[in-house]
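Notes to accompany the following structure.
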Amino acid sequence: MIIVAIIAILILIFGIGIYNSLISKKNQVANAFSAIDVMLKKRFDLIPNLVETVKQYMQYEGDTLTKITELRGKALGSNVSESDKLALDQQIGSAVKGLMVSVENYPDLKANTNFNNLQSTWTESEEQIAAARRNYNASVTTYNNAVMMFPGNMFAGMLGYQPMMVLETAAEERKNVSAKELFNS
Amino acid sequence: MATNFTINPAVQAVIAELEIQRKKISSTKYRGWGAIIVGITIFLITASFGAMIIALLLGGASAIYGIVVLYKISDEESFYKSRFKNEVIGAALRTIDPSLTIEPHNGISEAEFRFSQLFTTEPDRYHTEDLISGKIDKTSFYFAEVHAEYKTETHGKNGKQTHWHDIIKGIVFTADFNKHFNGVTVVRPKDFGASLGAWFSKNVFSIGDKNVVELENEGFKKNFVTYSTDQIEARYILTPSMMEKINELNERSAYTVSLSFINANMYIAFPLDHNYFEAPIFKTLLEPNLLDKDMSVLSFMYDIVHELDLNTRIWTKQ
């Protein structure tokens, strides 16, 4: 009788452990996503300053600057879904990258300290976002494994937990940012 | 790397002087140890004939003479070793980079070693020497030989016995890291305990170590377990390319390395079998390949800054 009770208690403890683990993994995914959001916000906040600094020197890149400002406006809009925000961020990223390449044609801008600081902060934010995305993907993979594998799948069914999609990693995120490639310096 | 620096006439002169000193030290050592061995032999033979007092007098006199000879040469020996490190190893260092310096009696302090969190075991006995420092462009770095040990005690028939075990015997390298970070990230060799902890962390979250960082690089995962106080920051430091570079560095090391990123610095521990930068006593200094091992370890350490791209300062940390 005692043995049966001990086994029952052990099963119960194990069950609670699995259940709690599933919930905490799901929360972790949500947490990881909000971390990306924080990083994106930080990056978007750099744009006005960047545009202002660059505008004074670049005569021929007006279209790109307007496009970047517009994209930022969209990304910070109230009705933007998270996936749209990520897509907008990628567009902003490639537009800014194009801008950085054009800097080569503006030696005065290239020598501007404020611009150089912004450039470093931008690169930093790029890697921080990449890190946050990788963290999100790792959380999703851990969560998916728990949801799809035994014994977690039994509880996942009861809780209505479904596997989630990982974020696609852009090719640039897979490698380290290289100063030479980025700034051609 | 070839020991070209010995072509330098100043270094040649030092080596020639040190060689004379070395010969004196080695012959004195032979004499000292010879006298001790002769003393013991005389004692044993004479004692076997029952002449205990004569055995003690004759054997003792010879052994004491040997001990005195060895004691008298010890100061000269440490002066010789120190001069070898400062002037010969120092010259070798300057051929790699003029900014490199050696301080034979300094090292990585025990406090810094503990602070680095490279190892989970706290040392009970700690020795460090041969601090080599330098700067490549914007990156300052230093490394030193470290021997950290912990002890275990067993109670047997002969009473309490102390056993010493290595935490690390090798070189600890540290450099200013090129990115800002606030937390602590450590990368440790994957052993059974670490693998088990990581498994629990992944599968039974409430029991396991919540600080384990699951990284994507298979080669990296095979060799290391990563822990961090900040999951995102760990990935910011350990980018896919950084993991590849660490894998390459690890492959070129005899034993799996340990790394930590703490307080703006990165620390790497290289376990090694050999005590480097030591002056030979019983082997000539004129041997052309004398410093090959030392030079290869020096170049290896020096190249880390380039290999890990620590001079790429495109982030806000300049």
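In the structure tokens, chains take the letters A, B, ... in the order shown, each chain's residues start at 1, and ligands count up from 1 in the order shown.
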
*Excluding Gly183 of chain B and residues on its chain fewer than 4 positions from it, collect all residues at most 8 Å away from it, counting only C-alpha atoms, and give them as a list in words.*
Ser228, Thr229, Asp230, Glu233, Ile262 and Asn263 of chain B

Got time to write the residues from that selection, C-alpha atoms, as an mmCIF file, in the first residue's frame?
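out_32.cif was written with the following content:
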```cif
data_model
loop_
_atom_site.group_PDB
_atom_site.id
_atom_site.type_symbol
_atom_site.label_atom_id
_atom_site.label_comp_id
_atom_site.auth_asym_id
_atom_site.auth_seq_id
_atom_site.Cartn_x
_atom_site.Cartn_y
_atom_site.Cartn_z
ATOM 1 C CA SER B 228 25.293 32.774 -18.853
ATOM 2 C CA THR B 229 23.469 35.221 -16.638
ATOM 3 C CA ASP B 230 21.943 36.689 -19.806
ATOM 4 C CA GLU B 233 24.071 38.682 -24.216
ATOM 5 C CA ILE B 262 33.370 38.786 -17.448
ATOM 6 C CA ASN B 263 33.878 42.441 -16.574
#
```

_Could you work out which residues of chain A fall inside 10 Å of chain B? Count only C-alpha atoms, and format the result as a PyMOL selection string._
chain A and resi 14+17-22+24-25+32+35-36+116-139+141-143+145-146+152+173-180+182-183

*asked:* Residues of segment 228-314 of chain B classed as helix (DSSP H, G or I) by DSSP on the backbone are to be reported as a PyMOL selection string.
replied: chain B and resi 231-237+240-251+292-307

*Quick one: everything within 9 Å of Leu310 of chain B, counting only C-alpha atoms, minus sequence neighbours fewer than 6 positions away in the same chain. Send it as a count of residues only.*
8

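In this model, the gap between atom CA of Lys283 of chain B and atom CA of Lys81 of chain B comes to 13.4 Å.
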
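In this comparison, which uses only C-alpha atoms, the residue of B:Val186, B:Ile89, B:Ala10, B:Ile96 approaching Asp303 of chain B most closely is B:Ile96.
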
_Nearest to Phe44 of chain A by atom-to-atom distance, counting only C-alpha atoms, from A:Leu159, A:Ala75, A:Leu12, A:Val96_ =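 Closest candidate: A:Ala75.
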
*In Å, rounded to a single decimal, give me how far atom CA of Ser258 of chain B is from atom CA of Ala144 of chain B.*
15.1 Å

*From a DSSP calculation on the backbone, collect every residue of segment 13-208 of chain B in strand (DSSP E) and output the set as a PyMOL selection string.*
chain B and resi 101-103+125-136+139-156+159-176+185-189

*Residue nearest Gly77 of chain A - candidates A:Lys41, A:Met164, A:Ser34, A:Ser102, atoms counted: only C-alpha atoms*: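 Of A:Lys41, A:Met164, A:Ser34, A:Ser102, the one nearest Gly77 of chain A, counting only C-alpha atoms, is A:Lys41.
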
_Would you compute the distance between atom CA of Val172 of chain B and atom CA of Ile108 of chain B? Give it in Å to one decimal._
7.7 Å

*Can you work out which one of A:Phe150, A:Ala5, A:Leu40, A:Thr53 has the shortest atom-to-atom distance to Thr113 of chain A, counting only C-alpha atoms?*
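Of A:Phe150, A:Ala5, A:Leu40, A:Thr53, the one nearest Thr113 of chain A, counting only C-alpha atoms, is A:Thr53.
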
_Can you pull out the residues contacting Thr46 of chain B? Cut-off 10 Å, using only C-alpha atoms, and skip same-chain residues under 6 positions away; I want them as a PyMOL selection string._
chain B and resi 40+52-56+58-59

*Asp84 of chain A surroundings by only C-alpha atoms, 12 Å radius, close-in-sequence under 5 positions cut, as a VMD selection string*: chain A and resid 37 71 to 72 74 to 79 89 to 91

Store the residues picked out above in a file with N, CA and C atoms, as a PDB file, in the first residue's frame.
```pdb
ATOM      1  N   ASP A  37      11.490  42.684 -29.418  1.00  0.00           N
ATOM      2  CA  ASP A  37      10.739  43.926 -29.554  1.00  0.00           C
ATOM      3  C   ASP A  37      11.495  45.107 -28.934  1.00  0.00           C
ATOM      4  N   LEU A  71       9.567  53.870 -43.456  1.00  0.00           N
ATOM      5  CA  LEU A  71       9.540  52.499 -42.914  1.00  0.00           C
ATOM      6  C   LEU A  71       9.511  52.511 -41.389  1.00  0.00           C
ATOM      7  N   ARG A  72      10.273  53.447 -40.817  1.00  0.00           N
ATOM      8  CA  ARG A  72      10.295  53.554 -39.356  1.00  0.00           C
ATOM      9  C   ARG A  72       8.909  53.923 -38.841  1.00  0.00           C
ATOM     10  N   LYS A  74       6.092  53.355 -40.209  1.00  0.00           N
ATOM     11  CA  LYS A  74       5.202  52.181 -40.317  1.00  0.00           C
ATOM     12  C   LYS A  74       5.459  51.206 -39.178  1.00  0.00           C
ATOM     13  N   ALA A  75       6.744  50.936 -38.940  1.00  0.00           N
ATOM     14  CA  ALA A  75       7.111  49.934 -37.931  1.00  0.00           C
ATOM     15  C   ALA A  75       6.651  50.350 -36.539  1.00  0.00           C
ATOM     16  N   LEU A  76       6.612  51.669 -36.292  1.00  0.00           N
ATOM     17  CA  LEU A  76       6.199  52.130 -34.960  1.00  0.00           C
ATOM     18  C   LEU A  76       4.697  52.375 -34.868  1.00  0.00           C
ATOM     19  N   GLY A  77       3.991  52.170 -35.979  1.00  0.00           N
ATOM     20  CA  GLY A  77       2.537  52.348 -35.987  1.00  0.00           C
ATOM     21  C   GLY A  77       1.851  51.420 -35.005  1.00  0.00           C
ATOM     22  N   SER A  78       0.631  51.785 -34.622  1.00  0.00           N
ATOM     23  CA  SER A  78      -0.024  51.024 -33.550  1.00  0.00           C
ATOM     24  C   SER A  78      -0.570  49.672 -34.011  1.00  0.00           C
ATOM     25  N   ASN A  79      -0.953  49.558 -35.292  1.00  0.00           N
ATOM     26  CA  ASN A  79      -1.595  48.302 -35.706  1.00  0.00           C
ATOM     27  C   ASN A  79      -0.661  47.346 -36.457  1.00  0.00           C
ATOM     28  N   ASP A  89      11.686  45.726 -40.263  1.00  0.00           N
ATOM     29  CA  ASP A  89      13.049  45.897 -39.738  1.00  0.00           C
ATOM     30  C   ASP A  89      14.081  45.421 -40.753  1.00  0.00           C
ATOM     31  N   GLN A  90      13.742  44.321 -41.413  1.00  0.00           N
ATOM     32  CA  GLN A  90      14.694  43.813 -42.419  1.00  0.00           C
ATOM     33  C   GLN A  90      14.845  44.803 -43.564  1.00  0.00           C
ATOM     34  N   GLN A  91      13.716  45.391 -43.947  1.00  0.00           N
ATOM     35  CA  GLN A  91      13.786  46.397 -45.033  1.00  0.00           C
ATOM     36  C   GLN A  91      14.610  47.606 -44.593  1.00  0.00           C
TER      37      GLN A  91
END
```

*Contact residues around Gln162 of chain A with only C-alpha atoms at 10 Å, ignoring same-chain residues under 3 positions, as a PyMOL selection string*: chain A and resi 143-144+147-148+153+156-157+159+165

Could those residues be written to a file, using N, CA and C atoms, as a tab-separated table (two decimals), in the first residue's frame?
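The new file out-v4.tsv reads:
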```tsv
chain	number	residue	atom	x	y	z
A	143	TYR	N	10.83	24.64	-26.69
A	143	TYR	CA	9.38	24.52	-26.46
A	143	TYR	C	8.78	23.46	-27.39
A	144	ASN	N	9.14	23.54	-28.68
A	144	ASN	CA	8.60	22.57	-29.65
A	144	ASN	C	8.99	21.14	-29.28
A	147	VAL	N	6.80	20.06	-26.50
A	147	VAL	CA	5.40	19.88	-26.91
A	147	VAL	C	5.23	18.61	-27.76
A	148	MET	N	6.24	18.31	-28.56
A	148	MET	CA	6.08	17.20	-29.50
A	148	MET	C	6.58	15.86	-28.97
A	153	ASN	N	4.12	15.79	-24.71
A	153	ASN	CA	3.04	15.87	-25.69
A	153	ASN	C	1.66	15.55	-25.08
A	156	ALA	N	0.71	18.75	-23.45
A	156	ALA	CA	0.55	19.79	-24.47
A	156	ALA	C	-0.82	19.67	-25.13
A	157	GLY	N	-1.24	18.41	-25.39
A	157	GLY	CA	-2.56	18.18	-25.99
A	157	GLY	C	-3.65	18.74	-25.10
A	159	LEU	N	-3.41	21.04	-22.80
A	159	LEU	CA	-3.33	22.51	-22.67
A	159	LEU	C	-3.59	23.23	-24.00
A	165	MET	N	6.54	28.38	-34.99
A	165	MET	CA	7.50	28.54	-36.09
A	165	MET	C	8.73	29.29	-35.59
```

*Looking at only C-alpha atoms, which of B:Asp292, B:Glu19, B:Glu76, B:Asp137 is the one that sits closest to His306 of chain B?*
B:Asp137

*asked:* Which residues are near Lys55 of chain A? Cut-off 12 Å, only C-alpha atoms, ignore same chain within fewer than 6 positions. Put them as a PyMOL selection string.
replied: chain A and resi 47-49+61-66+69+99+103+106+109+115

Keeping only N, CA and C atoms, write the selected residues to a file as a PDB file, in the first residue's frame.
```pdb
ATOM      1  N   ILE A  47      17.097  55.891 -35.731  1.00  0.00           N
ATOM      2  CA  ILE A  47      16.902  56.366 -37.105  1.00  0.00           C
ATOM      3  C   ILE A  47      16.800  57.892 -37.238  1.00  0.00           C
ATOM      4  N   PRO A  48      15.948  58.577 -36.415  1.00  0.00           N
ATOM      5  CA  PRO A  48      15.847  60.036 -36.620  1.00  0.00           C
ATOM      6  C   PRO A  48      17.203  60.727 -36.534  1.00  0.00           C
ATOM      7  N   ASN A  49      17.980  60.341 -35.530  1.00  0.00           N
ATOM      8  CA  ASN A  49      19.298  60.927 -35.339  1.00  0.00           C
ATOM      9  C   ASN A  49      20.211  60.650 -36.533  1.00  0.00           C
ATOM     10  N   GLU A  61      21.036  61.239 -51.717  1.00  0.00           N
ATOM     11  CA  GLU A  61      20.412  60.042 -51.152  1.00  0.00           C
ATOM     12  C   GLU A  61      19.059  60.373 -50.518  1.00  0.00           C
ATOM     13  N   GLY A  62      18.460  61.473 -50.939  1.00  0.00           N
ATOM     14  CA  GLY A  62      17.192  61.909 -50.357  1.00  0.00           C
ATOM     15  C   GLY A  62      16.129  60.826 -50.358  1.00  0.00           C
ATOM     16  N   ASP A  63      16.032  60.077 -51.469  1.00  0.00           N
ATOM     17  CA  ASP A  63      14.998  59.038 -51.585  1.00  0.00           C
ATOM     18  C   ASP A  63      15.190  57.955 -50.528  1.00  0.00           C
ATOM     19  N   THR A  64      16.434  57.546 -50.385  1.00  0.00           N
ATOM     20  CA  THR A  64      16.715  56.489 -49.399  1.00  0.00           C
ATOM     21  C   THR A  64      16.344  56.967 -48.001  1.00  0.00           C
ATOM     22  N   LEU A  65      16.705  58.229 -47.696  1.00  0.00           N
ATOM     23  CA  LEU A  65      16.408  58.749 -46.353  1.00  0.00           C
ATOM     24  C   LEU A  65      14.905  58.822 -46.112  1.00  0.00           C
ATOM     25  N   THR A  66      14.180  59.269 -47.126  1.00  0.00           N
ATOM     26  CA  THR A  66      12.720  59.343 -46.991  1.00  0.00           C
ATOM     27  C   THR A  66      12.154  57.941 -46.785  1.00  0.00           C
ATOM     28  N   THR A  69      12.783  56.763 -43.251  1.00  0.00           N
ATOM     29  CA  THR A  69      11.904  57.439 -42.297  1.00  0.00           C
ATOM     30  C   THR A  69      10.486  56.862 -42.392  1.00  0.00           C
ATOM     31  N   LEU A  99      22.806  52.735 -47.475  1.00  0.00           N
ATOM     32  CA  LEU A  99      23.219  54.095 -47.109  1.00  0.00           C
ATOM     33  C   LEU A  99      24.674  54.112 -46.633  1.00  0.00           C
ATOM     34  N   VAL A 103      28.174  56.092 -48.088  1.00  0.00           N
ATOM     35  CA  VAL A 103      28.987  57.014 -47.273  1.00  0.00           C
ATOM     36  C   VAL A 103      30.385  57.194 -47.873  1.00  0.00           C
ATOM     37  N   TYR A 106      31.088  60.329 -49.530  1.00  0.00           N
ATOM     38  CA  TYR A 106      31.012  61.575 -48.751  1.00  0.00           C
ATOM     39  C   TYR A 106      32.081  61.576 -47.667  1.00  0.00           C
ATOM     40  N   LEU A 109      31.363  63.255 -44.286  1.00  0.00           N
ATOM     41  CA  LEU A 109      30.452  62.500 -43.421  1.00  0.00           C
ATOM     42  C   LEU A 109      31.205  61.343 -42.758  1.00  0.00           C
ATOM     43  N   PHE A 115      28.523  60.745 -36.651  1.00  0.00           N
ATOM     44  CA  PHE A 115      28.107  59.694 -37.588  1.00  0.00           C
ATOM     45  C   PHE A 115      28.800  58.375 -37.259  1.00  0.00           C
TER      46      PHE A 115
END
```
